[in-house]
$ cat work07.pdb   # PDB, C-alpha atoms
ATOM      1  CA  ASP V   9      90.359  20.573  42.711
ATOM      2  CA  THR V  10      91.503  20.093  39.151
ATOM      3  CA  HIS V  11      92.788  23.628  38.609
ATOM      4  CA  THR V  12      93.478  25.378  41.900
ATOM      5  CA  LYS V  13      96.088  23.686  44.056
ATOM      6  CA  ARG V  14      96.855  26.607  46.415
ATOM      7  CA  TYR V  15      94.818  29.246  48.197
ATOM      8  CA  GLU V  16      96.470  32.530  49.091
ATOM      9  CA  THR V  17      94.071  33.675  51.806
ATOM     10  CA  PHE V  18      91.460  32.151  54.048
ATOM     11  CA  ASP V  19      88.838  34.153  52.165
ATOM     12  CA  ASP V  20      89.893  32.313  48.999
ATOM     13  CA  LEU V  21      89.711  28.969  50.782
ATOM     14  CA  TYR V  22      86.301  29.891  52.220
ATOM     15  CA  VAL V  23      84.889  30.145  48.694
ATOM     16  CA  TYR V  24      86.201  26.642  47.956
ATOM     17  CA  CYS V  25      84.735  25.286  51.221
ATOM     18  CA  TYR V  26      81.421  26.921  50.436
ATOM     19  CA  ARG V  27      81.297  25.379  46.978
ATOM     20  CA  VAL V  28      82.217  21.834  47.994
ATOM     21  CA  ALA V  29      80.601  21.523  51.432
ATOM     22  CA  SER V  30      78.307  24.372  52.385
ATOM     23  CA  THR V  31      76.188  23.786  49.299
ATOM     24  CA  VAL V  32      75.518  20.258  50.574
ATOM     25  CA  GLY V  33      74.322  21.674  53.899
ATOM     26  CA  LEU V  34      72.154  24.233  52.148
ATOM     27  CA  MET V  35      70.522  21.578  49.962
ATOM     28  CA  SER V  36      70.088  19.273  52.956
ATOM     29  CA  SER V  37      68.400  22.060  54.900
ATOM     30  CA  GLU V  38      65.753  22.273  52.209
ATOM     31  CA  ILE V  39      65.108  18.546  52.550
ATOM     32  CA  LEU V  40      65.266  18.447  56.360
ATOM     33  CA  GLY V  41      63.114  21.532  56.804
ATOM     34  CA  TYR V  42      63.652  24.616  58.920
ATOM     35  CA  SER V  43      61.563  27.238  60.681
ATOM     36  CA  ASP V  44      63.603  30.321  59.847
ATOM     37  CA  LYS V  45      65.736  31.249  56.822
ATOM     38  CA  SER V  46      68.610  32.182  59.166
ATOM     39  CA  ALA V  47      69.142  28.417  59.458
ATOM     40  CA  LEU V  48      70.808  28.613  56.064
ATOM     41  CA  ARG V  49      73.696  30.788  57.233
ATOM     42  CA  TYR V  50      74.321  28.283  60.020
ATOM     43  CA  ALA V  51      74.257  25.419  57.506
ATOM     44  CA  GLU V  52      76.858  27.321  55.497
ATOM     45  CA  ALA V  53      79.084  27.603  58.578
ATOM     46  CA  MET V  54      78.685  23.888  59.360
ATOM     47  CA  GLY V  55      79.765  23.006  55.834
ATOM     48  CA  VAL V  56      82.871  25.168  56.124
ATOM     49  CA  GLY V  57      83.771  23.532  59.456
ATOM     50  CA  MET V  58      83.403  20.078  57.961
ATOM     51  CA  GLN V  59      85.465  20.927  54.891
ATOM     52  CA  LEU V  60      88.203  22.454  57.054
ATOM     53  CA  THR V  61      88.224  19.176  58.986
ATOM     54  CA  ASN V  62      88.714  17.289  55.706
ATOM     55  CA  ILE V  63      91.554  19.608  54.765
ATOM     56  CA  LEU V  64      93.366  19.120  58.090
ATOM     57  CA  ARG V  65      92.858  15.366  58.103
ATOM     58  CA  ASP V  66      94.009  14.978  54.498
ATOM     59  CA  ILE V  67      97.118  17.183  54.421
ATOM     60  CA  LYS V  68      99.374  14.229  53.588
ATOM     61  CA  GLU V  69      97.115  12.813  50.862
ATOM     62  CA  ASP V  70      96.614  16.228  49.292
ATOM     63  CA  ALA V  71     100.351  16.962  49.325
ATOM     64  CA  ALA V  72     100.947  13.691  47.492
ATOM     65  CA  MET V  73      98.777  15.186  44.703
ATOM     66  CA  ASN V  74     100.656  18.513  44.845
ATOM     67  CA  ARG V  75      97.737  20.186  46.625
ATOM     68  CA  ILE V  76      98.020  22.353  49.711
ATOM     69  CA  TYR V  77      94.684  23.676  50.837
ATOM     70  CA  LEU V  78      96.033  25.483  53.889
ATOM     71  CA  PRO V  79      96.077  29.214  53.145
ATOM     72  CA  GLN V  80      99.477  30.408  52.025
ATOM     73  CA  GLU V  81      99.134  33.410  54.358
ATOM     74  CA  ASP V  82      98.809  31.002  57.304
ATOM     75  CA  LEU V  83     101.815  28.956  56.238
ATOM     76  CA  ARG V  84     103.864  32.154  56.152
ATOM     77  CA  GLN V  85     102.492  33.373  59.481
ATOM     78  CA  PHE V  86     103.515  30.135  61.207
ATOM     79  CA  GLU V  87     106.686  29.671  59.152
ATOM     80  CA  VAL V  88     105.652  26.332  57.735
ATOM     81  CA  SER V  89     107.055  25.678  54.282
ATOM     82  CA  GLU V  90     105.504  23.717  51.474
ATOM     83  CA  GLU V  91     108.680  21.627  51.407
ATOM     84  CA  GLN V  92     108.037  20.657  55.026
ATOM     85  CA  ILE V  93     104.524  19.541  54.155
ATOM     86  CA  PHE V  94     105.720  17.609  51.096
ATOM     87  CA  ALA V  95     108.343  15.932  53.322
ATOM     88  CA  ASN V  96     105.638  15.045  55.894
ATOM     89  CA  ARG V  97     107.525  16.729  58.746
ATOM     90  CA  THR V  98     106.012  18.160  61.868
ATOM     91  CA  ASN V  99     107.719  20.635  64.167
ATOM     92  CA  GLU V 100     106.572  23.208  66.694
ATOM     93  CA  ASN V 101     105.609  25.679  63.964
ATOM     94  CA  PHE V 102     103.482  23.060  62.259
ATOM     95  CA  VAL V 103     101.824  22.160  65.573
ATOM     96  CA  GLU V 104     101.019  25.817  66.280
ATOM     97  CA  MET V 105      99.595  26.224  62.789
ATOM     98  CA  MET V 106      97.451  23.124  63.266
ATOM     99  CA  ARG V 107      96.160  24.426  66.613
ATOM    100  CA  PHE V 108      95.159  27.637  64.883
ATOM    101  CA  GLN V 109      93.409  25.760  62.067
ATOM    102  CA  ILE V 110      91.586  23.435  64.474
ATOM    103  CA  ASN V 111      90.339  26.395  66.503
ATOM    104  CA  ARG V 112      89.119  28.015  63.292
ATOM    105  CA  ALA V 113      87.253  24.845  62.299
ATOM    106  CA  ARG V 114      85.707  24.519  65.768
ATOM    107  CA  ASP V 115      84.473  28.105  65.571
ATOM    108  CA  PHE V 116      82.610  27.172  62.391
ATOM    109  CA  TYR V 117      81.114  24.085  64.057
ATOM    110  CA  ARG V 118      80.002  26.152  67.079
ATOM    111  CA  ASN V 119      78.408  28.714  64.819
ATOM    112  CA  GLY V 120      76.828  26.037  62.637
ATOM    113  CA  GLU V 121      75.303  24.228  65.606
ATOM    114  CA  LYS V 122      73.416  27.406  66.535
ATOM    115  CA  GLY V 123      71.179  26.683  63.576
ATOM    116  CA  ILE V 124      70.234  23.151  64.598
ATOM    117  CA  PRO V 125      67.307  24.314  66.782
ATOM    118  CA  LEU V 126      65.907  26.010  63.665
ATOM    119  CA  LEU V 127      65.643  22.672  61.878
ATOM    120  CA  GLU V 128      62.558  20.513  62.030
ATOM    121  CA  LYS V 129      62.563  18.654  65.323
ATOM    122  CA  ASP V 130      62.997  15.215  63.745
ATOM    123  CA  SER V 131      66.103  16.375  61.843
ATOM    124  CA  ARG V 132      68.047  17.862  64.728
ATOM    125  CA  PHE V 133      69.587  14.664  66.080
ATOM    126  CA  THR V 134      70.990  13.615  62.704
ATOM    127  CA  VAL V 135      72.641  16.969  62.077
ATOM    128  CA  LEU V 136      73.995  17.281  65.625
ATOM    129  CA  LEU V 137      75.359  13.725  65.420
ATOM    130  CA  ALA V 138      77.075  14.495  62.110
ATOM    131  CA  SER V 139      78.576  17.669  63.554
ATOM    132  CA  ARG V 140      79.889  16.027  66.707
ATOM    133  CA  VAL V 141      81.192  12.866  65.064
ATOM    134  CA  TYR V 142      82.903  14.737  62.270
ATOM    135  CA  SER V 143      84.380  17.390  64.545
ATOM    136  CA  GLY V 144      85.685  14.471  66.614
ATOM    137  CA  ILE V 145      88.297  14.049  63.893
ATOM    138  CA  LEU V 146      89.824  17.284  65.199
ATOM    139  CA  ASP V 147      90.094  15.701  68.662
ATOM    140  CA  GLU V 148      91.878  12.752  67.095
ATOM    141  CA  ILE V 149      94.340  15.056  65.339
ATOM    142  CA  GLU V 150      95.098  16.603  68.731
ATOM    143  CA  ARG V 151      95.515  13.162  70.336
ATOM    144  CA  GLN V 152      98.076  12.382  67.614
ATOM    145  CA  ASN V 153      99.968  15.512  68.641
ATOM    146  CA  TYR V 154      98.916  17.102  65.338
ATOM    147  CA  ASP V 155     100.887  14.545  63.343
ATOM    148  CA  VAL V 156      98.625  14.029  60.343
ATOM    149  CA  PHE V 157     101.487  12.457  58.406
ATOM    150  CA  SER V 158     102.024   9.217  60.371
ATOM    151  CA  ARG V 159      98.392   8.180  60.700
ATOM    152  CA  ARG V 160      95.082   9.392  59.282
ATOM    153  CA  ALA V 161      92.827  10.753  62.023
ATOM    154  CA  TYR V 162      89.284   9.372  62.249
ATOM    155  CA  THR V 163      86.560   8.655  64.755
ATOM    156  CA  SER V 164      86.220   4.954  65.410
ATOM    157  CA  LYS V 165      82.979   3.018  65.149
ATOM    158  CA  SER V 166      82.905   2.580  68.943
ATOM    159  CA  GLN V 167      83.451   6.328  69.493
ATOM    160  CA  LYS V 168      80.511   7.024  67.197
ATOM    161  CA  ILE V 169      78.242   4.502  68.896
ATOM    162  CA  LEU V 170      79.164   5.675  72.390
ATOM    163  CA  ALA V 171      78.427   9.277  71.431
ATOM    164  CA  ILE V 172      74.861   8.561  70.317
ATOM    165  CA  PRO V 173      72.991   8.607  73.678
ATOM    166  CA  LYS V 174      74.435  11.911  74.866
ATOM    167  CA  ILE V 175      73.912  13.597  71.513
ATOM    168  CA  TRP V 176      70.363  12.219  71.263
ATOM    169  CA  ARG V 177      69.500  13.694  74.688
ATOM    170  CA  GLU V 178      71.065  17.014  73.734
ATOM    171  CA  ALA V 179      69.127  17.133  70.451
ATOM    172  CA  ARG V 180      65.856  16.376  72.253
ATOM    173  CA  LYS V 181      66.413  19.329  74.607
ATOM    174  CA  MET V 182      66.893  21.825  71.774
ATOM    175  CA  ARG V 183      64.250  24.474  71.423
ATOM    176  CA  GLU V 184      63.683  27.036  68.734
TER
END
$ encode --input "work07.pdb" --output "structure tokens"
Amino acid sequence: DTHTKRYETFDDLYVYCYRVASTVGLMSSEILGYSDKSALRYAEAMGVGMQLTNILRDIKEDAAMNRIYLPQEDLRQFEVSEEQIFANRTNENFVEMMRFQINRARDFYRNGEKGIPLLEKDSRFTVLLASRVYSGILDEIERQNYDVFSRRAYTSKSQKILAIPKIWREARKMRE
């Protein structure tokens, strides 16, 4: 974060996401326990999904620090300029770009969740809860019509609490 303020491609951004978030999932997997080493590639994917969520939620805050984590290739593809981001302006191009980014993040969550059944049984609920609550930020961005400039997207305490029973049942049904 102190040196690189732009990422040309998604592959470049992936390396950043891996370093700041996937490594946490990989270390946590060692603590939580798993039955198969393939769980680690799923933990990597979950970390990338979570970091992409951070990036989308924090576009305004990052721009205020002259940072744009969205891949430059994506900005060009959707015709979204850095000036537009620095000015905190949404338009249809920005919305389309955000839809694309949210779908990308959700793909990483879906892939990451495939590894939850490989975790020790007592760890599954915690990881599934973290995945669902954190990915809920993406739902909030959508509810705000992708306007991450007017209000920071988050999942409320009541949304988190209300999600617990369903996620707990789902985690209990998981099998290796």
$ resolve_selection --input "work07.pdb" --expression "the PyMOL selection byres ((chain V and resi 43) around 8)" --output "list in words"
Gly41, Tyr42, Asp44, Lys45, Ala47, Leu126, Leu127 and Glu128 of chain V
$ atom_distance --input "work07.pdb" --atom1 "atom CA of V:Asp82" --atom2 "atom CA of V:Met105"
7.3 Å
$ resolve_selection --input "work07.pdb" --expression "the PyMOL selection byres ((chain V and resi 88-96) around 10)" --output "number ranges by chain"
V: 67-76, 78, 80, 82-87, 97-105, 155-158
$ closest_residue --input "work07.pdb" --among "V:Ser164, V:Gln59, V:Ser131, V:Ser139" --to "V:Arg180" --atoms "all atoms listed in the file"
V:Ser131
$ atom_distance --input "work07.pdb" --atom1 "atom CA of V:Gly123" --atom2 "atom CA of V:Leu48"
7.8 Å
$ closest_residue --input "work07.pdb" --among "V:Lys181, V:Arg118, V:Lys165, V:Arg112" --to "V:Ala51" --atoms "all atoms listed in the file"
V:Arg118
$ atom_distance --input "work07.pdb" --atom1 "atom CA of V:Ser46" --atom2 "atom CA of V:Lys122"
10.0 Å
$ residues_near_point --input "work07.pdb" --point "(75.8, 10.9, 69.2)" --cutoff "10 Å" --atoms "all atoms listed in the file" --output "MDAnalysis selection string"
chainID V and resid 133:141 167:179
$ resolve_selection --input "work07.pdb" --expression "the PyMOL selection byres ((chain V and resi 150) around 12)" --output "PDB file with C-alpha atoms, in the frame of the given file"
ATOM      1  CA  LEU V  64      93.366  19.120  58.090  1.00  0.00           C
ATOM      2  CA  ARG V  65      92.858  15.366  58.103  1.00  0.00           C
ATOM      3  CA  VAL V 103     101.824  22.160  65.573  1.00  0.00           C
ATOM      4  CA  GLU V 104     101.019  25.817  66.280  1.00  0.00           C
ATOM      5  CA  MET V 106      97.451  23.124  63.266  1.00  0.00           C
ATOM      6  CA  ARG V 107      96.160  24.426  66.613  1.00  0.00           C
ATOM      7  CA  PHE V 108      95.159  27.637  64.883  1.00  0.00           C
ATOM      8  CA  GLN V 109      93.409  25.760  62.067  1.00  0.00           C
ATOM      9  CA  ILE V 110      91.586  23.435  64.474  1.00  0.00           C
ATOM     10  CA  ASN V 111      90.339  26.395  66.503  1.00  0.00           C
ATOM     11  CA  SER V 143      84.380  17.390  64.545  1.00  0.00           C
ATOM     12  CA  GLY V 144      85.685  14.471  66.614  1.00  0.00           C
ATOM     13  CA  ILE V 145      88.297  14.049  63.893  1.00  0.00           C
ATOM     14  CA  LEU V 146      89.824  17.284  65.199  1.00  0.00           C
ATOM     15  CA  ASP V 147      90.094  15.701  68.662  1.00  0.00           C
ATOM     16  CA  GLU V 148      91.878  12.752  67.095  1.00  0.00           C
ATOM     17  CA  ILE V 149      94.340  15.056  65.339  1.00  0.00           C
ATOM     18  CA  ARG V 151      95.515  13.162  70.336  1.00  0.00           C
ATOM     19  CA  GLN V 152      98.076  12.382  67.614  1.00  0.00           C
ATOM     20  CA  ASN V 153      99.968  15.512  68.641  1.00  0.00           C
ATOM     21  CA  TYR V 154      98.916  17.102  65.338  1.00  0.00           C
ATOM     22  CA  ASP V 155     100.887  14.545  63.343  1.00  0.00           C
ATOM     23  CA  VAL V 156      98.625  14.029  60.343  1.00  0.00           C
ATOM     24  CA  ARG V 160      95.082   9.392  59.282  1.00  0.00           C
ATOM     25  CA  ALA V 161      92.827  10.753  62.023  1.00  0.00           C
ATOM     26  CA  TYR V 162      89.284   9.372  62.249  1.00  0.00           C
TER      27      TYR V 162
END
